[in-house]
Structure formats: structure tokens, C-alpha cells
>>> print(open('structure-v8.txt').read())   # compact mmCIF, C-alpha atoms and all ligand atoms
# COMPACT_ATOMS: atom_id res chain seq x y z
CA MET W 1 43.02 0.66 -13.98
CA LEU W 2 40.21 -1.02 -15.96
CA GLU W 3 37.35 -2.53 -14.06
CA LEU W 4 34.19 -4.30 -15.18
CA GLN W 5 31.52 -4.41 -12.50
CA HIS W 6 28.62 -6.79 -13.03
CA ALA W 7 28.70 -5.98 -16.74
CA SER W 8 25.98 -7.73 -18.73
CA LYS W 9 24.84 -7.24 -22.29
CA SER W 10 21.73 -8.64 -23.94
CA TYR W 11 20.72 -8.45 -27.57
CA ARG W 12 16.93 -8.39 -27.90
CA SER W 13 16.61 -9.72 -24.34
CA ILE W 14 18.96 -12.63 -25.08
CA PRO W 15 22.03 -12.41 -22.84
CA ALA W 16 25.39 -12.39 -24.67
CA VAL W 17 27.44 -11.85 -21.50
CA GLU W 18 26.29 -11.92 -17.89
CA ASP W 19 27.75 -10.47 -14.73
CA ILE W 20 31.32 -9.98 -15.94
CA ASN W 21 33.61 -8.82 -13.13
CA PHE W 22 37.32 -8.26 -13.40
CA VAL W 23 40.05 -5.73 -12.67
CA LEU W 24 42.98 -5.21 -15.04
CA ARG W 25 45.90 -3.47 -13.38
CA GLU W 26 48.85 -1.47 -14.72
CA GLY W 27 51.62 -3.72 -16.01
CA GLU W 28 49.33 -6.73 -16.26
CA VAL W 29 48.62 -8.87 -19.33
CA LEU W 30 45.19 -10.42 -18.99
CA GLY W 31 44.24 -13.18 -21.42
CA TYR W 32 40.57 -13.40 -22.32
CA LEU W 33 39.59 -16.79 -23.70
CA GLY W 34 36.43 -18.55 -24.71
CA PRO W 35 34.98 -20.65 -27.50
CA ASN W 36 33.15 -19.11 -30.47
CA GLY W 37 30.07 -17.23 -29.35
CA SER W 38 31.06 -17.15 -25.68
CA GLY W 39 31.01 -13.35 -25.51
CA LYS W 40 34.59 -12.17 -26.10
CA SER W 41 33.72 -9.62 -28.80
CA THR W 42 30.78 -8.37 -26.77
CA THR W 43 33.13 -7.77 -23.82
CA VAL W 44 35.63 -6.00 -26.08
CA LYS W 45 32.89 -3.76 -27.48
CA MET W 46 31.91 -2.79 -23.93
CA VAL W 47 35.55 -2.18 -22.99
CA ILE W 48 36.25 0.10 -25.96
CA GLY W 49 32.98 1.96 -25.38
CA MET W 50 31.37 0.89 -28.65
CA ILE W 51 28.34 -0.48 -26.79
CA GLN W 52 26.98 0.21 -23.31
CA PRO W 53 26.32 -2.67 -20.92
CA THR W 54 22.65 -3.45 -20.42
CA LYS W 55 23.49 -3.80 -16.73
CA GLY W 56 26.61 -2.97 -14.72
CA LYS W 57 29.47 -0.70 -15.75
CA VAL W 58 32.96 -0.33 -17.18
CA LEU W 59 35.31 1.87 -15.15
CA PHE W 60 38.69 3.33 -16.08
CA ALA W 61 40.71 4.87 -13.25
CA GLY W 62 37.58 4.60 -11.11
CA ARG W 63 35.33 6.49 -13.52
CA ASN W 64 32.56 5.20 -15.80
CA ILE W 65 34.06 5.30 -19.32
CA HIS W 66 30.84 6.77 -20.73
CA TYR W 67 31.15 9.80 -18.46
CA ASP W 68 33.79 11.21 -20.86
CA LEU W 69 34.29 8.71 -23.67
CA ALA W 70 36.66 10.95 -25.66
CA ALA W 71 39.00 11.35 -22.69
CA TYR W 72 38.90 7.59 -22.09
CA ARG W 73 39.66 6.79 -25.72
CA ALA W 74 42.70 9.07 -25.57
CA GLN W 75 44.12 6.54 -23.09
CA LEU W 76 43.07 3.49 -25.07
CA GLY W 77 44.78 1.64 -27.91
CA TYR W 78 42.79 -1.00 -29.76
CA VAL W 79 44.03 -3.50 -32.33
CA PRO W 80 40.97 -5.09 -33.95
CA GLU W 81 40.86 -8.61 -35.27
CA GLU W 82 39.79 -7.63 -38.76
CA ALA W 83 41.89 -5.15 -40.65
CA HIS W 84 39.12 -2.87 -41.94
CA VAL W 85 41.20 0.09 -43.02
CA TYR W 86 40.74 2.87 -45.56
CA THR W 87 42.15 0.95 -48.47
CA HIS W 88 42.77 4.00 -50.67
CA LEU W 89 45.23 5.44 -48.14
CA SER W 90 48.89 4.48 -47.91
CA GLY W 91 50.27 3.08 -44.64
CA LEU W 92 51.87 6.43 -43.86
CA GLU W 93 48.68 8.38 -44.69
CA TYR W 94 46.67 6.04 -42.47
CA LEU W 95 48.95 6.67 -39.50
CA GLN W 96 48.89 10.41 -40.21
CA LEU W 97 45.09 10.34 -40.23
CA VAL W 98 44.89 8.39 -36.97
CA GLY W 99 47.52 10.60 -35.34
CA ARG W 100 45.67 13.80 -36.33
CA LEU W 101 42.40 12.38 -35.01
CA ARG W 102 44.28 11.63 -31.79
CA GLY W 103 45.44 15.25 -31.67
CA LEU W 104 49.17 14.54 -31.99
CA GLU W 105 51.37 17.46 -32.87
CA GLU W 106 52.38 17.30 -36.56
CA ARG W 107 56.15 17.10 -36.04
CA VAL W 108 55.85 14.43 -33.34
CA LEU W 109 53.37 12.50 -35.45
CA GLU W 110 55.66 12.48 -38.49
CA LEU W 111 58.59 11.20 -36.44
CA LYS W 112 56.56 8.51 -34.67
CA ALA W 113 54.72 7.31 -37.79
CA ARG W 114 57.90 6.93 -39.85
CA SER W 115 59.82 5.28 -37.00
CA LEU W 116 57.04 2.78 -36.31
CA LEU W 117 56.69 1.94 -40.01
CA GLN W 118 60.41 1.35 -40.23
CA LEU W 119 60.53 -0.77 -37.04
CA LEU W 120 57.61 -2.89 -38.21
CA SER W 121 59.31 -3.54 -41.60
CA LEU W 122 56.83 -1.42 -43.53
CA GLU W 123 59.19 1.33 -44.62
CA SER W 124 59.39 0.21 -48.25
CA ALA W 125 55.58 -0.07 -48.42
CA GLN W 126 54.78 3.17 -46.61
CA TYR W 127 53.65 4.98 -49.79
CA SER W 128 51.73 2.00 -51.24
CA SER W 129 48.01 1.88 -50.82
CA LEU W 130 46.68 -0.34 -48.04
CA SER W 131 44.65 -2.32 -50.57
CA ASP W 132 47.97 -3.74 -51.80
CA TYR W 133 49.10 -4.77 -48.31
CA SER W 134 48.99 -8.40 -47.20
CA LYS W 135 46.91 -9.34 -44.16
CA GLY W 136 49.98 -9.37 -41.92
CA MET W 137 51.11 -5.95 -43.22
CA LYS W 138 47.67 -4.46 -42.49
CA GLN W 139 47.81 -6.01 -39.03
CA ARG W 140 51.16 -4.31 -38.40
CA VAL W 141 49.78 -0.93 -39.53
CA LEU W 142 46.89 -1.37 -37.10
CA LEU W 143 49.38 -2.18 -34.37
CA ALA W 144 51.36 0.99 -35.13
CA ALA W 145 48.12 3.02 -35.20
CA ALA W 146 47.10 1.68 -31.79
CA LEU W 147 50.46 2.54 -30.18
CA LEU W 148 51.02 5.95 -31.80
CA HIS W 149 49.51 7.99 -28.94
CA ASN W 150 51.22 5.98 -26.15
CA PRO W 151 48.00 4.65 -24.57
CA ARG W 152 47.80 3.34 -20.98
CA LEU W 153 45.37 0.54 -21.81
CA ILE W 154 45.77 -1.64 -24.90
CA VAL W 155 43.23 -4.14 -26.19
CA PHE W 156 44.52 -6.76 -28.64
CA ASP W 157 41.85 -8.80 -30.38
CA GLU W 158 43.45 -11.89 -31.98
CA PRO W 159 46.62 -9.91 -32.77
CA LEU W 160 48.55 -12.85 -34.21
CA SER W 161 46.14 -13.68 -37.01
CA GLY W 162 47.98 -13.05 -40.25
CA LEU W 163 51.38 -12.48 -38.68
CA ASP W 164 54.32 -14.59 -39.81
CA ALA W 165 56.68 -16.24 -37.30
CA VAL W 166 59.11 -13.30 -37.08
CA SER W 167 56.34 -10.69 -36.68
CA ALA W 168 54.63 -12.90 -34.10
CA ARG W 169 57.85 -13.14 -32.09
CA LEU W 170 58.35 -9.38 -32.30
CA PHE W 171 54.79 -8.95 -31.10
CA LYS W 172 55.33 -11.25 -28.10
CA ASP W 173 58.53 -9.39 -27.14
CA LEU W 174 56.68 -6.11 -27.51
CA LEU W 175 53.88 -7.29 -25.26
CA VAL W 176 56.32 -8.08 -22.45
CA LEU W 177 57.99 -4.67 -22.78
CA LEU W 178 54.67 -2.81 -22.90
CA ALA W 179 53.61 -4.52 -19.67
CA ARG W 180 56.97 -3.61 -18.14
CA GLU W 181 56.29 0.01 -19.12
CA GLY W 182 53.16 -0.22 -16.98
CA LYS W 183 50.58 -0.61 -19.75
CA ALA W 184 47.46 -2.59 -18.90
CA ILE W 185 46.89 -5.17 -21.63
CA LEU W 186 43.76 -7.11 -22.48
CA TYR W 187 44.65 -9.94 -24.83
CA ILE W 188 41.88 -11.82 -26.62
CA SER W 189 43.07 -14.93 -28.39
CA HIS W 190 42.42 -18.48 -29.41
CA VAL W 191 46.12 -19.34 -29.52
CA LEU W 192 46.42 -20.96 -26.12
CA GLU W 193 50.16 -21.72 -26.21
CA VAL W 194 50.88 -18.01 -26.67
CA VAL W 195 48.37 -17.00 -24.00
CA GLU W 196 50.11 -19.40 -21.63
CA GLN W 197 53.49 -17.78 -22.41
CA VAL W 198 52.58 -14.11 -22.29
CA CYS W 199 49.66 -13.66 -19.89
CA ASP W 200 49.95 -13.07 -16.16
CA ARG W 201 46.34 -14.07 -15.72
CA VAL W 202 43.62 -15.63 -17.84
CA ILE W 203 39.88 -15.37 -17.77
CA VAL W 204 37.96 -18.20 -19.37
CA LEU W 205 34.49 -17.43 -20.62
CA ALA W 206 31.80 -20.00 -21.42
CA LYS W 207 28.29 -19.15 -22.56
CA GLY W 208 28.67 -15.52 -21.55
CA LYS W 209 29.91 -16.18 -18.02
CA ILE W 210 33.35 -16.22 -16.41
CA VAL W 211 34.22 -19.79 -15.44
CA ALA W 212 37.85 -19.18 -14.40
CA ASP W 213 40.08 -16.24 -13.51
CA ALA W 214 43.62 -17.15 -12.43
CA PRO W 215 47.27 -17.22 -13.57
CA PRO W 216 47.74 -19.96 -16.22
CA ARG W 217 50.08 -21.98 -13.99
CA GLU W 218 47.57 -21.95 -11.16
CA LEU W 219 44.81 -23.16 -13.47
CA THR W 220 46.83 -26.14 -14.66
CA ARG W 221 47.92 -26.94 -11.08
CA LEU W 222 44.46 -26.66 -9.55
CA MET W 223 42.86 -28.75 -12.24
CA GLU W 224 45.77 -31.20 -12.34
CA LEU W 225 46.03 -30.88 -16.08
CA PRO W 226 49.23 -30.53 -18.14
CA THR W 227 48.39 -27.54 -20.35
CA LEU W 228 46.14 -24.53 -20.61
CA GLU W 229 44.59 -26.18 -23.66
CA SER W 230 43.39 -29.15 -21.57
CA VAL W 231 42.11 -26.79 -18.86
CA PHE W 232 40.23 -24.83 -21.50
CA ALA W 233 38.69 -27.96 -23.02
CA GLN W 234 37.57 -29.11 -19.58
CA LEU W 235 36.17 -25.75 -18.49
CA VAL W 236 34.16 -25.06 -21.61
CA ARG W 237 33.26 -28.73 -22.06
CA GLN W 238 34.39 -28.71 -25.65
CA THR W 239 32.87 -31.34 -27.84
CA ASP W 240 34.77 -34.41 -28.87
CA THR W 241 36.50 -32.85 -31.86
CA LEU W 242 38.12 -36.06 -33.09
CA ARG W 243 34.75 -37.83 -33.20
CA ILE W 244 33.20 -34.94 -35.14
CA ALA W 245 36.17 -34.75 -37.55
CA ASN W 246 35.68 -38.47 -38.24
CA GLN W 247 31.99 -37.93 -38.91
CA VAL W 248 32.76 -35.05 -41.31
CA VAL W 249 35.09 -37.36 -43.29
CA GLU W 250 32.40 -40.06 -43.31
CA VAL W 251 29.79 -37.60 -44.62
CA MET W 252 32.22 -36.51 -47.37
CA LYS W 253 32.48 -40.12 -48.52
CA VAL W 254 28.71 -40.50 -48.96
CA SER W 255 28.21 -41.30 -52.60
CA HIS W 256 26.31 -38.82 -54.76
CA ASP W 257 24.44 -41.40 -56.82
N1 LIG W 301 24.65 -7.71 -32.69
C1 LIG W 301 24.19 -8.84 -32.17
N2 LIG W 301 22.88 -9.15 -32.21
C2 LIG W 301 22.41 -10.28 -31.66
N3 LIG W 301 23.18 -11.21 -31.04
C3 LIG W 301 24.49 -10.97 -30.97
C4 LIG W 301 25.08 -9.78 -31.53
N4 LIG W 301 26.42 -9.82 -31.29
C5 LIG W 301 26.66 -10.97 -30.63
N5 LIG W 301 25.51 -11.67 -30.43
C6 LIG W 301 25.39 -12.96 -29.72
O1 LIG W 301 26.06 -12.86 -28.48
C7 LIG W 301 26.77 -14.05 -28.17
C8 LIG W 301 28.24 -13.72 -27.94
O2 LIG W 301 28.82 -13.31 -29.18
P1 LIG W 301 30.31 -12.73 -29.31
O3 LIG W 301 30.46 -12.24 -30.71
O4 LIG W 301 30.56 -11.77 -28.20
O5 LIG W 301 31.17 -14.06 -29.06
P2 LIG W 301 32.73 -14.32 -29.31
O6 LIG W 301 33.22 -15.04 -28.09
O7 LIG W 301 33.42 -13.05 -29.66
O8 LIG W 301 32.73 -15.32 -30.54
P3 LIG W 301 33.88 -15.59 -31.69
O9 LIG W 301 34.99 -16.32 -31.03
O10 LIG W 301 33.14 -16.46 -32.66
O11 LIG W 301 34.26 -14.27 -32.28
C9 LIG W 301 26.54 -15.01 -29.33
O12 LIG W 301 25.50 -15.88 -28.96
C10 LIG W 301 26.10 -14.10 -30.47
O13 LIG W 301 25.20 -14.76 -31.32
>>> encode(input="structure-v8.txt", output="C-alpha cells")
Amino acid sequence: MLELQHASKSYRSIPAVEDINFVLREGEVLGYLGPNGSGKSTTVKMVIGMIQPTKGKVLFAGRNIHYDLAAYRAQLGYVPEEAHVYTHLSGLEYLQLVGRLRGLEERVLELKARSLLQLLSLESAQYSSLSDYSKGMKQRVLLAAALLHNPRLIVFDEPLSGLDAVSARLFKDLLVLLAREGKAILYISHVLEVVEQVCDRVIVLAKGKIVADAPPRELTRLMELPTLESVFAQLVRQTDTLRIANQVVEVMKVSHD
């Protein structure tokens, strides 16, 4: 359904991602992992059509997404990491705005917006302005906004940040059901235990390049390591965090006089 072919992006001739190739199929949850600065956000921006690859292309249903970006976006739901929303609107008004921009019929929109707000425990806050919402509440509004138009492809960028345990569990259950409904899901996260639980396949990115693309269980088996976290640390050659933490504490103790 979604395909990246040799997608590369450079900023002022400095490569951020290079030669990214993957296919995301219907009903599949694809985890996209990598340390800070490895190129996850750059990939997401290419996938949602916010930036064009410097080289290569992004295809949806076999067609370059930039051929008809509006038609592509009608099939796309995107939950961003940061909840930058119109803070003067209420949760309900925000969903109404998004739904109208998506071209939903008014009666259908009203029904869907109110149902989603109720299901995501936002009914009592639906008339309050978004500036009064907690981070987790804003995150749930963004989730509702991304699902409102029943998209075929959904991109979640760190969806669990700000969600409490119950909301996080609801989200995980939802992810499984969405995949069962045939949605293609791209899941960007740092929370490796969750990625391990919910993703059919994971791509690991290091310094802008794909260093692994396999089901989580296969990665741990092939590398003879117990968890996805240890695979990740090995693949991206993460620094010795304990040693650095010790050094930070030592620096803190340096006397000021
Ligand atoms: N607008 C930009 N201009 C210049 N360089 C950029 C720009 N955006 C990203 N980069 C660079 O591209 C590389 C990849 O950045 P990107 O934001 O995609 O990484 P990331 O994996 O999403 O990181 P994080 O986990 O910290 O969000 C980094 O070296 C970053 O400095």
C-alpha cells in the first residue's frame, strides 16, 4: 500500500536519510525505530507529503503521493508527536474543523466526533478549550482527529507520550483492531517493549540508513539476544549509558569554589 523507493533527503547537501526502501502492506503494523537524529521525523515528513525526497519516491497504491497530494491525504491519518492544536478551540470544535476540512458530511461528522470524544473519555471536556487540556487529553483529541475520516494508512509518531496506563492500553488494543480492519500502520516510537508487542515488523534506522528490517522475534533470534532493546542497542551501537550517567553524577559533584 505504502512504498518508499530509494528515498533520500538532504538538508543543505547533508544527508538526513539515505536510500530508504520499504513496503507497508494492508493490515500490517510496521515499527520504525532509531536513536535521536537517525532520521525518523524526516521519513515521517516524506511519508505525509510535508517534504519531497531529494532522491527516490514515496508511492501509495502504486502512485507517487505528490501526483495528487490531496487525494493521498484523504486516505491518510497522522497523529503527530507534539500536540500543536488551536488552543482557543474546544475539543469538539477542533474535531468539527478537521472533519469539515476532510469534507465529511455535517450529520456524519457530528455523530462521529461526539462518539469518539465519548469513547476516549473526553465527553465532559468536549466544550472546554484545548488550552485547558492535559497533554494526554490533547493526544487523545489528535487521535480522534486522525481517525475521523476512516483512513487506510495511519502514521503514529510517538503516540504513547503523555498517555496514562489506561489510555495506553486502549491505544494498544485499538492498534490491533485497526490492523485487523486492514489499515496499514506506521508506528514510530522509542518505547521498545510496546513496539515488540504490537508490531509485525520493525525497521531500525541508524545514521539515516536502514540497518534492520524484520519481525521483532526474528531479530532477537538471528542476533541471539533476549530482547528488542538489546538488539537495538547492538544495531545502533549505543554508547555505554551507565558509564556516561556515572560521569554526569561525577561532574555534578565538582565543587563550585
Ligand atoms: N530542517 C532541517 N534542517 C537541517 N537539518 C535537519 C533538519 N531536519 C532534520 N535535520 C537533520 O537530519 C537528521 C535526522 O533528523 P530527524 O529529525 O529526522 O531525526 P529523528 O530520528 O526524528 O530524531 P529524534 O528522535 O531526536 O526526533 C539530523 O542529523 C538532523 O540534524
>>> residues_near_ligand(input="structure-v8.txt", ligand="ligand LIG 301 (chain W)", cutoff="9 Å", atoms="only C-alpha atoms and all ligand atoms", output="PyMOL selection string")
chain W and resi 9-12+14-17+33-45+189-190+205-208
>>> residues_around(input="structure-v8.txt", residues="Gln139 (chain W)", least_positions_apart="4", cutoff="12 Å", atoms="only C-alpha atoms", output="MDAnalysis selection string")
chainID W and resid 78:85 91 117 120 122 130 133:135 143:146 156:164 167:168 171
>>> atom_distance(input="structure-v8.txt", atom1="CA of Gln52 (chain W)", atom2="CA of Val141 (chain W)")
28.0 Å
>>> atom_distance(input="structure-v8.txt", atom1="CA of Glu229 (chain W)", atom2="CA of Met252 (chain W)")
28.7 Å
>>> closest_residue(input="structure-v8.txt", among="W:Ile185, W:Tyr127, W:Leu170, W:Gly31", to="Leu228 (chain W)", atoms="all atoms listed in the file")
W:Gly31
>>> atom_distance(input="structure-v8.txt", atom1="CA of Leu92 (chain W)", atom2="CA of Gln75 (chain W)")
22.2 Å
>>> residues_around(input="structure-v8.txt", residues="region 100-108 of chain W", least_positions_apart="5", cutoff="12 Å", atoms="all atoms listed in the file", output="list in words")
Ala70, Ala71, Tyr72, Arg73, Ala74, Gln75, Leu76, Gly77, Glu93, Tyr94, Leu95, Ala113, Arg114, Ser115, Ala145, Ala146, Leu147, Leu148, His149, Asn150 and Pro151 of chain W
>>> residues_around(input="structure-v8.txt", residues="Ile203 (chain W)", least_positions_apart="4", cutoff="6 Å", atoms="all atoms listed in the file", output="ChimeraX atom specification")
/W:32,212-213
>>> decode(input="structure-v8.txt", residues="region 83-146 of chain W", atoms="C-alpha atoms", output="PDB file, in the first residue's frame")
ATOM      1  CA  ALA W  83       0.092  18.316  20.264  1.00  0.00           C
ATOM      2  CA  HIS W  84       0.161  21.664  18.441  1.00  0.00           C
ATOM      3  CA  VAL W  85      -3.540  22.368  18.288  1.00  0.00           C
ATOM      4  CA  TYR W  86      -5.633  25.521  18.014  1.00  0.00           C
ATOM      5  CA  THR W  87      -5.779  26.185  21.716  1.00  0.00           C
ATOM      6  CA  HIS W  88      -8.742  28.574  21.561  1.00  0.00           C
ATOM      7  CA  LEU W  89     -10.993  25.830  20.171  1.00  0.00           C
ATOM      8  CA  SER W  90     -12.793  23.248  22.277  1.00  0.00           C
ATOM      9  CA  GLY W  91     -12.177  19.534  21.650  1.00  0.00           C
ATOM     10  CA  LEU W  92     -15.492  19.273  19.829  1.00  0.00           C
ATOM     11  CA  GLU W  93     -14.815  22.394  17.721  1.00  0.00           C
ATOM     12  CA  TYR W  94     -11.392  21.035  16.793  1.00  0.00           C
ATOM     13  CA  LEU W  95     -12.869  17.767  15.529  1.00  0.00           C
ATOM     14  CA  GLN W  96     -15.589  19.691  13.677  1.00  0.00           C
ATOM     15  CA  LEU W  97     -12.928  21.822  11.997  1.00  0.00           C
ATOM     16  CA  VAL W  98     -10.836  18.811  10.988  1.00  0.00           C
ATOM     17  CA  GLY W  99     -13.911  16.915   9.794  1.00  0.00           C
ATOM     18  CA  ARG W 100     -15.065  19.851   7.629  1.00  0.00           C
ATOM     19  CA  LEU W 101     -11.583  20.206   6.144  1.00  0.00           C
ATOM     20  CA  ARG W 102     -11.774  16.484   5.384  1.00  0.00           C
ATOM     21  CA  GLY W 103     -15.101  17.051   3.621  1.00  0.00           C
ATOM     22  CA  LEU W 104     -17.218  14.930   5.967  1.00  0.00           C
ATOM     23  CA  GLU W 105     -20.945  15.397   5.758  1.00  0.00           C
ATOM     24  CA  GLU W 106     -22.182  17.514   8.705  1.00  0.00           C
ATOM     25  CA  ARG W 107     -24.543  14.924  10.215  1.00  0.00           C
ATOM     26  CA  VAL W 108     -21.977  12.121   9.965  1.00  0.00           C
ATOM     27  CA  LEU W 109     -19.284  14.391  11.376  1.00  0.00           C
ATOM     28  CA  GLU W 110     -21.389  15.341  14.394  1.00  0.00           C
ATOM     29  CA  LEU W 111     -22.142  11.701  15.197  1.00  0.00           C
ATOM     30  CA  LYS W 112     -18.534  10.562  14.770  1.00  0.00           C
ATOM     31  CA  ALA W 113     -16.986  13.479  16.673  1.00  0.00           C
ATOM     32  CA  ARG W 114     -19.269  13.076  19.689  1.00  0.00           C
ATOM     33  CA  SER W 115     -18.919   9.284  19.736  1.00  0.00           C
ATOM     34  CA  LEU W 116     -15.124   9.426  19.545  1.00  0.00           C
ATOM     35  CA  LEU W 117     -14.952  12.069  22.288  1.00  0.00           C
ATOM     36  CA  GLN W 118     -17.143   9.922  24.494  1.00  0.00           C
ATOM     37  CA  LEU W 119     -15.160   6.712  23.783  1.00  0.00           C
ATOM     38  CA  LEU W 120     -11.872   8.461  24.501  1.00  0.00           C
ATOM     39  CA  SER W 121     -13.187   9.785  27.861  1.00  0.00           C
ATOM     40  CA  LEU W 122     -13.321  13.380  26.676  1.00  0.00           C
ATOM     41  CA  GLU W 123     -17.075  13.857  26.782  1.00  0.00           C
ATOM     42  CA  SER W 124     -17.067  16.033  29.903  1.00  0.00           C
ATOM     43  CA  ALA W 125     -14.280  18.203  28.444  1.00  0.00           C
ATOM     44  CA  GLN W 126     -15.693  18.485  24.928  1.00  0.00           C
ATOM     45  CA  TYR W 127     -16.754  22.141  25.359  1.00  0.00           C
ATOM     46  CA  SER W 128     -13.599  23.215  27.244  1.00  0.00           C
ATOM     47  CA  SER W 129     -10.878  24.965  25.346  1.00  0.00           C
ATOM     48  CA  LEU W 130      -7.901  22.841  24.295  1.00  0.00           C
ATOM     49  CA  SER W 131      -5.568  25.146  26.214  1.00  0.00           C
ATOM     50  CA  ASP W 132      -7.072  23.668  29.392  1.00  0.00           C
ATOM     51  CA  TYR W 133      -6.499  20.067  28.283  1.00  0.00           C
ATOM     52  CA  SER W 134      -3.668  17.994  29.736  1.00  0.00           C
ATOM     53  CA  LYS W 135      -1.031  16.569  27.391  1.00  0.00           C
ATOM     54  CA  GLY W 136      -2.727  13.170  27.368  1.00  0.00           C
ATOM     55  CA  MET W 137      -6.138  14.738  26.634  1.00  0.00           C
ATOM     56  CA  LYS W 138      -4.694  16.674  23.682  1.00  0.00           C
ATOM     57  CA  GLN W 139      -3.080  13.466  22.460  1.00  0.00           C
ATOM     58  CA  ARG W 140      -6.468  11.722  22.536  1.00  0.00           C
ATOM     59  CA  VAL W 141      -8.100  14.565  20.578  1.00  0.00           C
ATOM     60  CA  LEU W 142      -5.366  14.237  17.956  1.00  0.00           C
ATOM     61  CA  LEU W 143      -6.025  10.507  17.818  1.00  0.00           C
ATOM     62  CA  ALA W 144      -9.749  11.108  17.284  1.00  0.00           C
ATOM     63  CA  ALA W 145      -8.969  13.721  14.601  1.00  0.00           C
ATOM     64  CA  ALA W 146      -6.710  11.287  12.745  1.00  0.00           C
TER      65      ALA W 146
END
